[in-house]
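Source file: coords.cif; contents: mmCIF, C-alpha atoms.
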data_start
#
loop_
_atom_site.group_PDB
_atom_site.id
_atom_site.type_symbol
_atom_site.label_atom_id
_atom_site.label_comp_id
_atom_site.auth_asym_id
_atom_site.auth_seq_id
_atom_site.Cartn_x
_atom_site.Cartn_y
_atom_site.Cartn_z
ATOM 1 C CA MET A 1 2.331 -26.655 -0.264
ATOM 2 C CA LYS A 2 3.779 -23.172 0.029
ATOM 3 C CA ALA A 3 1.600 -20.221 -0.914
ATOM 4 C CA LEU A 4 2.397 -17.516 -3.436
ATOM 5 C CA LEU A 5 0.041 -14.619 -2.694
ATOM 6 C CA ASP A 6 -1.634 -12.727 -5.492
ATOM 7 C CA ASN A 7 -1.768 -8.931 -5.436
ATOM 8 C CA ASN A 8 -5.182 -8.641 -3.829
ATOM 9 C CA VAL A 9 -4.529 -11.081 -1.001
ATOM 10 C CA PHE A 10 -1.225 -9.463 -0.044
ATOM 11 C CA PHE A 11 -2.508 -5.890 -0.251
ATOM 12 C CA ALA A 12 -5.759 -6.739 1.550
ATOM 13 C CA ALA A 13 -3.790 -8.255 4.437
ATOM 14 C CA LEU A 14 -1.923 -4.968 4.891
ATOM 15 C CA VAL A 15 -4.750 -2.442 4.660
ATOM 16 C CA ARG A 16 -7.649 -2.418 7.098
ATOM 17 C CA HIS A 17 -10.034 -0.540 4.796
ATOM 18 C CA HIS A 18 -9.817 -3.255 2.122
ATOM 19 C CA PRO A 19 -13.096 -5.227 2.060
ATOM 20 C CA SER A 20 -11.171 -8.538 2.255
ATOM 21 C CA HIS A 21 -8.773 -7.372 4.977
ATOM 22 C CA ALA A 22 -10.017 -9.479 7.892
ATOM 23 C CA LEU A 23 -10.224 -12.635 5.793
ATOM 24 C CA SER A 24 -6.824 -12.129 4.157
ATOM 25 C CA ARG A 25 -5.068 -11.129 7.379
ATOM 26 C CA ARG A 26 -6.377 -14.162 9.291
ATOM 27 C CA TRP A 27 -5.567 -16.501 6.412
ATOM 28 C CA LEU A 28 -2.031 -15.150 5.935
ATOM 29 C CA ASP A 29 -1.222 -15.307 9.654
ATOM 30 C CA ARG A 30 -2.358 -18.940 9.635
ATOM 31 C CA VAL A 31 -0.398 -20.131 6.567
ATOM 32 C CA LYS A 32 2.874 -18.278 7.157
ATOM 33 C CA PRO A 33 4.494 -21.086 9.166
ATOM 34 C CA GLY A 34 4.065 -23.444 6.181
ATOM 35 C CA GLY A 35 6.046 -21.211 3.847
ATOM 36 C CA TRP A 36 4.919 -18.300 1.737
ATOM 37 C CA GLY A 37 6.079 -15.640 -0.658
ATOM 38 C CA ILE A 38 5.146 -13.039 -3.216
ATOM 39 C CA ALA A 39 6.336 -12.498 -6.754
ATOM 40 C CA SER A 40 8.420 -9.398 -7.401
ATOM 41 C CA GLU A 41 5.431 -8.143 -9.434
ATOM 42 C CA THR A 42 3.211 -8.366 -6.337
ATOM 43 C CA TYR A 43 5.838 -6.610 -4.218
ATOM 44 C CA LEU A 44 5.874 -3.688 -6.646
ATOM 45 C CA ALA A 45 2.080 -3.657 -7.017
ATOM 46 C CA ALA A 46 1.736 -3.291 -3.234
ATOM 47 C CA VAL A 47 4.224 -0.406 -3.195
ATOM 48 C CA ARG A 48 2.351 1.317 -6.023
ATOM 49 C CA LEU A 49 -1.010 0.925 -4.284
ATOM 50 C CA LEU A 50 0.306 2.167 -0.933
ATOM 51 C CA MET A 51 1.694 5.290 -2.614
ATOM 52 C CA ASN A 52 -1.458 6.097 -4.577
ATOM 53 C CA PRO A 53 -3.894 8.734 -3.208
ATOM 54 C CA LYS A 54 -6.730 7.125 -5.204
ATOM 55 C CA VAL A 55 -6.303 4.102 -2.932
ATOM 56 C CA MET A 56 -4.975 5.577 0.322
ATOM 57 C CA GLY A 57 -6.515 9.068 0.297
ATOM 58 C CA SER A 58 -4.417 11.713 2.050
ATOM 59 C CA GLY A 59 -2.567 8.874 3.794
ATOM 60 C CA ALA A 60 -0.738 7.778 0.650
ATOM 61 C CA LEU A 61 2.725 6.678 1.733
ATOM 62 C CA THR A 62 6.082 7.846 0.520
ATOM 63 C CA SER A 63 8.121 5.292 -1.390
ATOM 64 C CA ALA A 64 10.368 4.827 1.654
ATOM 65 C CA ALA A 65 7.390 4.171 3.940
ATOM 66 C CA ALA A 66 5.709 1.831 1.438
ATOM 67 C CA LEU A 67 8.927 -0.180 1.073
ATOM 68 C CA THR A 68 9.247 -0.380 4.861
ATOM 69 C CA VAL A 69 5.670 -1.679 5.115
ATOM 70 C CA VAL A 70 6.273 -4.430 2.554
ATOM 71 C CA GLU A 71 9.669 -5.420 3.961
ATOM 72 C CA THR A 72 8.308 -5.507 7.522
ATOM 73 C CA GLU A 73 5.458 -7.789 6.461
ATOM 74 C CA LEU A 74 8.012 -10.064 4.766
ATOM 75 C CA SER A 75 10.149 -10.213 7.924
ATOM 76 C CA GLY A 76 9.348 -11.705 11.315
ATOM 77 C CA PRO A 77 9.355 -15.278 12.618
ATOM 78 C CA HIS A 78 8.055 -16.724 9.321
ATOM 79 C CA PRO A 79 9.658 -14.559 6.642
ATOM 80 C CA GLY A 80 8.249 -14.508 3.140
ATOM 81 C CA LEU A 81 10.215 -14.929 -0.056
ATOM 82 C CA VAL A 82 10.297 -12.431 -2.882
ATOM 83 C CA ILE A 83 10.308 -14.613 -5.951
ATOM 84 C CA VAL A 84 11.730 -13.506 -9.255
ATOM 85 C CA ALA A 85 10.386 -15.569 -12.128
ATOM 86 C CA PRO A 86 12.919 -18.268 -12.981
ATOM 87 C CA LYS A 87 11.646 -18.767 -16.531
ATOM 88 C CA ARG A 88 10.327 -16.637 -19.359
ATOM 89 C CA PRO A 89 6.547 -16.488 -19.881
ATOM 90 C CA ALA A 90 5.223 -19.824 -21.111
ATOM 91 C CA ARG A 91 3.228 -19.506 -24.284
ATOM 92 C CA ALA A 92 1.224 -22.653 -23.557
ATOM 93 C CA LEU A 93 -0.117 -21.072 -20.357
ATOM 94 C CA LEU A 94 -0.579 -17.487 -21.511
ATOM 95 C CA GLU A 95 -2.443 -18.581 -24.633
ATOM 96 C CA ARG A 96 -5.202 -19.809 -22.329
ATOM 97 C CA ALA A 97 -5.964 -16.260 -21.166
ATOM 98 C CA THR A 98 -9.221 -15.046 -22.672
ATOM 99 C CA GLY A 99 -8.694 -11.342 -21.903
ATOM 100 C CA HIS A 100 -5.959 -8.857 -21.073
ATOM 101 C CA ARG A 101 -6.812 -8.834 -17.370
ATOM 102 C CA GLN A 102 -5.991 -12.541 -17.121
ATOM 103 C CA ILE A 103 -2.415 -12.161 -18.301
ATOM 104 C CA MET A 104 -0.987 -11.097 -14.938
ATOM 105 C CA ASP A 105 -2.958 -13.763 -13.072
ATOM 106 C CA THR A 106 -1.729 -16.393 -15.510
ATOM 107 C CA TRP A 107 1.822 -15.156 -15.131
ATOM 108 C CA LEU A 108 1.538 -15.497 -11.349
ATOM 109 C CA VAL A 109 0.148 -19.010 -11.826
ATOM 110 C CA GLN A 110 3.216 -19.846 -13.893
ATOM 111 C CA ILE A 111 5.613 -18.418 -11.300
ATOM 112 C CA ALA A 112 3.833 -20.418 -8.591
ATOM 113 C CA ARG A 113 4.016 -23.597 -10.661
ATOM 114 C CA ASP A 114 7.680 -23.123 -11.595
ATOM 115 C CA THR A 115 8.765 -22.485 -7.995
ATOM 116 C CA GLY A 116 6.789 -25.160 -6.126
ATOM 117 C CA HIS A 117 4.057 -22.876 -4.826
ATOM 118 C CA LYS A 118 0.308 -22.574 -5.276
ATOM 119 C CA LEU A 119 -1.195 -19.198 -6.088
ATOM 120 C CA ALA A 120 -3.349 -17.996 -3.178
ATOM 121 C CA THR A 121 -6.192 -15.861 -4.456
ATOM 122 C CA HIS A 122 -9.755 -14.656 -3.892
ATOM 123 C CA ASP A 123 -10.380 -14.491 -7.616
ATOM 124 C CA THR A 124 -13.053 -17.004 -8.536
ATOM 125 C CA GLY A 125 -12.153 -16.880 -12.219
ATOM 126 C CA THR A 126 -8.509 -17.770 -11.548
ATOM 127 C CA LEU A 127 -9.533 -20.479 -9.083
ATOM 128 C CA ALA A 128 -11.897 -22.027 -11.631
ATOM 129 C CA HIS A 129 -9.413 -21.724 -14.508
ATOM 130 C CA TRP A 130 -6.412 -23.152 -12.623
ATOM 131 C CA PRO A 131 -7.745 -25.486 -9.918
ATOM 132 C CA GLU A 132 -4.509 -27.485 -9.697
ATOM 133 C CA GLN A 133 -2.259 -24.447 -9.247
ATOM 134 C CA THR A 134 -4.358 -22.302 -6.898
ATOM 135 C CA ILE A 135 -5.574 -22.121 -3.286
ATOM 136 C CA ARG A 136 -8.757 -20.358 -2.289
ATOM 137 C CA VAL A 137 -8.181 -17.758 0.416
ATOM 138 C CA GLY A 138 -10.874 -18.038 3.024
ATOM 139 C CA MET B 1 6.117 25.796 -1.322
ATOM 140 C CA LYS B 2 8.698 28.532 -1.219
ATOM 141 C CA THR B 3 7.307 31.963 -2.001
ATOM 142 C CA THR B 4 7.746 35.659 -1.221
ATOM 143 C CA LEU B 5 5.148 37.671 0.657
ATOM 144 C CA ASP B 6 5.047 41.447 0.466
ATOM 145 C CA LEU B 7 3.661 42.191 3.930
ATOM 146 C CA PRO B 8 2.509 45.621 5.146
ATOM 147 C CA ASP B 9 4.759 47.074 7.832
ATOM 148 C CA ASP B 10 2.193 46.718 10.605
ATOM 149 C CA ILE B 11 1.657 43.014 9.854
ATOM 150 C CA ALA B 12 5.390 42.350 9.657
ATOM 151 C CA GLN B 13 5.824 44.107 12.993
ATOM 152 C CA VAL B 14 3.079 41.986 14.624
ATOM 153 C CA LEU B 15 4.748 38.831 13.336
ATOM 154 C CA ARG B 16 8.174 39.896 14.628
ATOM 155 C CA LEU B 17 6.768 40.712 18.055
ATOM 156 C CA GLU B 18 4.782 37.480 18.235
ATOM 157 C CA SER B 19 7.838 35.465 17.187
ATOM 158 C CA ALA B 20 9.936 37.191 19.854
ATOM 159 C CA ARG B 21 7.213 36.638 22.463
ATOM 160 C CA ARG B 22 7.263 32.888 21.720
ATOM 161 C CA GLY B 23 11.017 32.570 21.985
ATOM 162 C CA GLY B 24 12.351 33.718 18.657
ATOM 163 C CA ARG B 25 12.729 32.280 15.180
ATOM 164 C CA LYS B 26 13.636 28.766 16.286
ATOM 165 C CA ALA B 27 10.544 28.431 18.452
ATOM 166 C CA ALA B 28 8.139 30.324 16.190
ATOM 167 C CA SER B 29 9.372 31.208 12.727
ATOM 168 C CA LEU B 30 7.485 33.638 10.506
ATOM 169 C CA THR B 31 6.511 30.668 8.304
ATOM 170 C CA PHE B 32 5.024 28.907 11.317
ATOM 171 C CA LEU B 33 3.090 31.985 12.450
ATOM 172 C CA VAL B 34 1.687 32.747 8.992
ATOM 173 C CA SER B 35 0.713 29.109 8.438
ATOM 174 C CA HIS B 36 -0.988 28.951 11.821
ATOM 175 C CA ALA B 37 -2.914 32.155 11.144
ATOM 176 C CA VAL B 38 -4.052 30.961 7.705
ATOM 177 C CA ARG B 39 -5.197 27.603 9.065
ATOM 178 C CA LYS B 40 -7.082 29.308 11.887
ATOM 179 C CA THR B 41 -8.712 31.856 9.602
ATOM 180 C CA TYR B 42 -9.573 29.756 6.577
ATOM 181 C CA GLY B 43 -10.128 26.375 8.186
ATOM 182 C CA VAL B 44 -7.597 24.398 6.184
ATOM 183 C CA PRO B 45 -8.203 20.740 7.061
ATOM 184 C CA THR B 46 -5.369 19.060 8.864
ATOM 185 C CA VAL B 47 -3.864 16.035 7.113
ATOM 186 C CA LYS B 48 -5.109 12.846 8.714
ATOM 187 C CA LYS B 49 -2.202 10.443 8.568
ATOM 188 C CA PRO B 50 -2.800 6.707 8.559
ATOM 189 C CA ARG B 51 -1.756 4.761 11.647
ATOM 190 C CA ILE B 52 0.598 1.923 10.791
ATOM 191 C CA ASP B 53 1.172 -1.004 13.130
ATOM 192 C CA LEU B 54 4.620 -2.191 12.071
ATOM 193 C CA THR B 55 5.161 -5.521 13.789
ATOM 194 C CA PRO B 56 7.752 -7.669 12.001
ATOM 195 C CA GLY B 57 5.748 -10.204 10.026
ATOM 196 C CA ARG B 58 2.431 -8.465 10.628
ATOM 197 C CA VAL B 59 1.691 -4.996 9.307
ATOM 198 C CA VAL B 60 -1.737 -3.381 9.471
ATOM 199 C CA ILE B 61 -2.411 0.079 8.103
ATOM 200 C CA ASN B 62 -5.372 1.959 9.512
ATOM 201 C CA ALA B 63 -6.088 4.252 6.620
ATOM 202 C CA ALA B 64 -6.623 7.991 6.752
ATOM 203 C CA ALA B 65 -10.189 9.128 7.392
ATOM 204 C CA ASP B 66 -10.617 10.223 3.784
ATOM 205 C CA ALA B 67 -9.409 6.941 2.259
ATOM 206 C CA PRO B 68 -11.843 5.801 -0.431
ATOM 207 C CA LYS B 69 -13.981 2.706 -0.232
ATOM 208 C CA LEU B 70 -11.900 0.065 -1.968
ATOM 209 C CA THR B 71 -13.303 -2.256 -4.607
ATOM 210 C CA PRO B 72 -11.576 -4.780 -6.882
ATOM 211 C CA ALA B 73 -12.466 -2.536 -9.834
ATOM 212 C CA LEU B 74 -10.787 0.498 -8.235
ATOM 213 C CA ILE B 75 -7.630 -1.462 -7.400
ATOM 214 C CA ASN B 76 -7.407 -3.063 -10.831
ATOM 215 C CA GLY B 77 -7.982 0.327 -12.436
ATOM 216 C CA VAL B 78 -5.108 1.836 -10.452
ATOM 217 C CA LEU B 79 -2.760 -1.053 -11.222
ATOM 218 C CA TYR B 80 -3.532 -0.905 -14.930
ATOM 219 C CA ASP B 81 -3.375 2.926 -14.908
#
structure tokens encoding of this file:
Amino acid sequence: MKALLDNNVFFAALVRHHPSHALSRRWLDRVKPGGWGIASETYLAAVRLLMNPKVMGSGALTSAAALTVVETELSGPHPGLVIVAPKRPARALLERATGHRQIMDTWLVQIARDTGHKLATHDTGTLAHWPEQTIRVG
Amino acid sequence: MKTTLDLPDDIAQVLRLESARRGGRKAASLTFLVSHAVRKTYGVPTVKKPRIDLTPGRVVINAAADAPKLTPALINGVLYD
């Protein structure tokens, strides 16, 4: 099963000072040959985080540098897909969110489901809520 | 930042001479000399750039020394900002 990475897994793999960096980097390097990708929302979230001084300190990247980082990670011998949601948000799924912070996770679960992926995440809540559509990173 | 400095004649003369001594405007512009003097005098910290290992398919960013300690709460806060 191909993996669709959530925001935290993808960003953690890129940035050494993220507490889950080593775990995410090792895991991503291992699963890449089996097929992987990120949603366009995750692509943009990574760019936003890389450009933000609250996250990167004085090393916040320019937009050009942040885009190069993301595109370079997506390239290489096992390139990743950037997946644009093929369907509109599914009410039946999103209605199961119990708080506003779960909406994006649920949306990523839907994109994974609709495109033949499983959502790869560290988030225990998402893993517990969607066991059939998720993969634990680690 | 682009600005105008009204320098005393003696200071302007020192800057011109120092610029000439270092090879002229291209080698040592007045902007460069003033910036260098300010940094030396007032201890402006140098920007510590992150080091980025850009291997196709495997990028690792070694953050700047002043990068904050990251937590899920900080990242979520920034994304929902």
### Query
Between atom CA of Ala66 of chain A and atom CA of Val47 of chain A, what is the distance, to one decimal in Å?
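Going from atom CA of Ala66 of chain A over to atom CA of Val47 of chain A, I get 5.4 Å.
Between atom CA of Gln110 of chain A and atom CA of Pro56 of chain B there is a distance of 29.0 Å.
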I'd like to see the residues matched by the PyMOL selection byres ((chain A) within 9 of (chain B)) on this file, and ideally I'd get them as a JSON list (two decimals) with C-alpha atoms, in the frame of the given file.
[["chain", "number", "residue", "atom", "x", "y", "z"],
["A", 8, "ASN", "CA", -5.18, -8.64, -3.83],
["A", 13, "ALA", "CA", -3.79, -8.26, 4.44],
["A", 14, "LEU", "CA", -1.92, -4.97, 4.89],
["A", 15, "VAL", "CA", -4.75, -2.44, 4.66],
["A", 16, "ARG", "CA", -7.65, -2.42, 7.10],
["A", 17, "HIS", "CA", -10.03, -0.54, 4.80],
["A", 18, "HIS", "CA", -9.82, -3.26, 2.12],
["A", 19, "PRO", "CA", -13.10, -5.23, 2.06],
["A", 25, "ARG", "CA", -5.07, -11.13, 7.38],
["A", 29, "ASP", "CA", -1.22, -15.31, 9.65],
["A", 45, "ALA", "CA", 2.08, -3.66, -7.02],
["A", 48, "ARG", "CA", 2.35, 1.32, -6.02],
["A", 49, "LEU", "CA", -1.01, 0.92, -4.28],
["A", 52, "ASN", "CA", -1.46, 6.10, -4.58],
["A", 53, "PRO", "CA", -3.89, 8.73, -3.21],
["A", 54, "LYS", "CA", -6.73, 7.12, -5.20],
["A", 55, "VAL", "CA", -6.30, 4.10, -2.93],
["A", 56, "MET", "CA", -4.97, 5.58, 0.32],
["A", 57, "GLY", "CA", -6.52, 9.07, 0.30],
["A", 58, "SER", "CA", -4.42, 11.71, 2.05],
["A", 59, "GLY", "CA", -2.57, 8.87, 3.79],
["A", 60, "ALA", "CA", -0.74, 7.78, 0.65],
["A", 61, "LEU", "CA", 2.72, 6.68, 1.73],
["A", 68, "THR", "CA", 9.25, -0.38, 4.86],
["A", 69, "VAL", "CA", 5.67, -1.68, 5.12],
["A", 70, "VAL", "CA", 6.27, -4.43, 2.55],
["A", 71, "GLU", "CA", 9.67, -5.42, 3.96],
["A", 72, "THR", "CA", 8.31, -5.51, 7.52],
["A", 73, "GLU", "CA", 5.46, -7.79, 6.46],
["A", 74, "LEU", "CA", 8.01, -10.06, 4.77],
["A", 75, "SER", "CA", 10.15, -10.21, 7.92],
["A", 76, "GLY", "CA", 9.35, -11.70, 11.32],
["A", 77, "PRO", "CA", 9.36, -15.28, 12.62],
["A", 78, "HIS", "CA", 8.06, -16.72, 9.32],
["A", 79, "PRO", "CA", 9.66, -14.56, 6.64],
["A", 80, "GLY", "CA", 8.25, -14.51, 3.14],
["A", 101, "ARG", "CA", -6.81, -8.83, -17.37]]
Can you list, as a ChimeraX atom specification, the residues that the PyMOL selection byres ((chain A and resi 34) around 12) selects here?
-> /A:1-4,27-33,35-37,77-80,117
My list of candidates is A:Leu81, A:Val137, A:Ile111, A:Ile38. Which is closest to Leu94 of chain A when distances are computed with all atoms listed in the file?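 The closest residue to Leu94 of chain A is A:Ile111.
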List the residues selected by the PyMOL selection byres ((chain B and resi 31) around 12) in the file shown, writing them as a ChimeraX atom specification. /B:1-5,12,15-16,19,25-30,32-38
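As for atom CA of Met104 of chain A and atom CA of Ser24 of chain A, they are spaced 20.0 Å apart.
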*Pick out the closest residue to Val82 of chain A from this set: A:Ala128, A:Ala22, A:Leu44, A:Ala120. Count only C-alpha atoms.*
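Among the listed residues, A:Leu44 lies closest to Val82 of chain A.
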**Asked** With only C-alpha atoms as the basis for distance, which of A:Ala92, A:Ile83, A:Ile135, A:Ala12 is at the shortest distance from Ala39 of chain A?
**Response**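 Of A:Ala92, A:Ile83, A:Ile135, A:Ala12, the one nearest Ala39 of chain A, counting only C-alpha atoms, is A:Ile83.
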Counting all atoms listed in the file, what is within 10 Å of Ala85 of chain A, bar same-chain residues fewer than 6 positions away, as a VMD selection string? chain A and resid 39 to 41 107 to 108 110 to 112 114 to 115
Point to revise | Surrounding residues of segment 124-126 of chain A excluding itself and chain neighbours under 3 positions, 9 Å, all atoms listed in the file, as a VMD selection string | key: chain A and resid 102 105 to 106 109 121 129 to 131 134 136
Would you save the residues of that selection, restricted to C-alpha atoms, as an mmCIF file, in the coordinates of the input?
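Output file out_27.cif is given in full below:
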data_model
loop_
_atom_site.group_PDB
_atom_site.id
_atom_site.type_symbol
_atom_site.label_atom_id
_atom_site.label_comp_id
_atom_site.auth_asym_id
_atom_site.auth_seq_id
_atom_site.Cartn_x
_atom_site.Cartn_y
_atom_site.Cartn_z
ATOM 1 C CA GLN A 102 -5.991 -12.541 -17.121
ATOM 2 C CA ASP A 105 -2.958 -13.763 -13.072
ATOM 3 C CA THR A 106 -1.729 -16.393 -15.510
ATOM 4 C CA VAL A 109 0.148 -19.010 -11.826
ATOM 5 C CA THR A 121 -6.192 -15.861 -4.456
ATOM 6 C CA HIS A 129 -9.413 -21.724 -14.508
ATOM 7 C CA TRP A 130 -6.412 -23.152 -12.623
ATOM 8 C CA PRO A 131 -7.745 -25.486 -9.918
ATOM 9 C CA THR A 134 -4.358 -22.302 -6.898
ATOM 10 C CA ARG A 136 -8.757 -20.358 -2.289
#
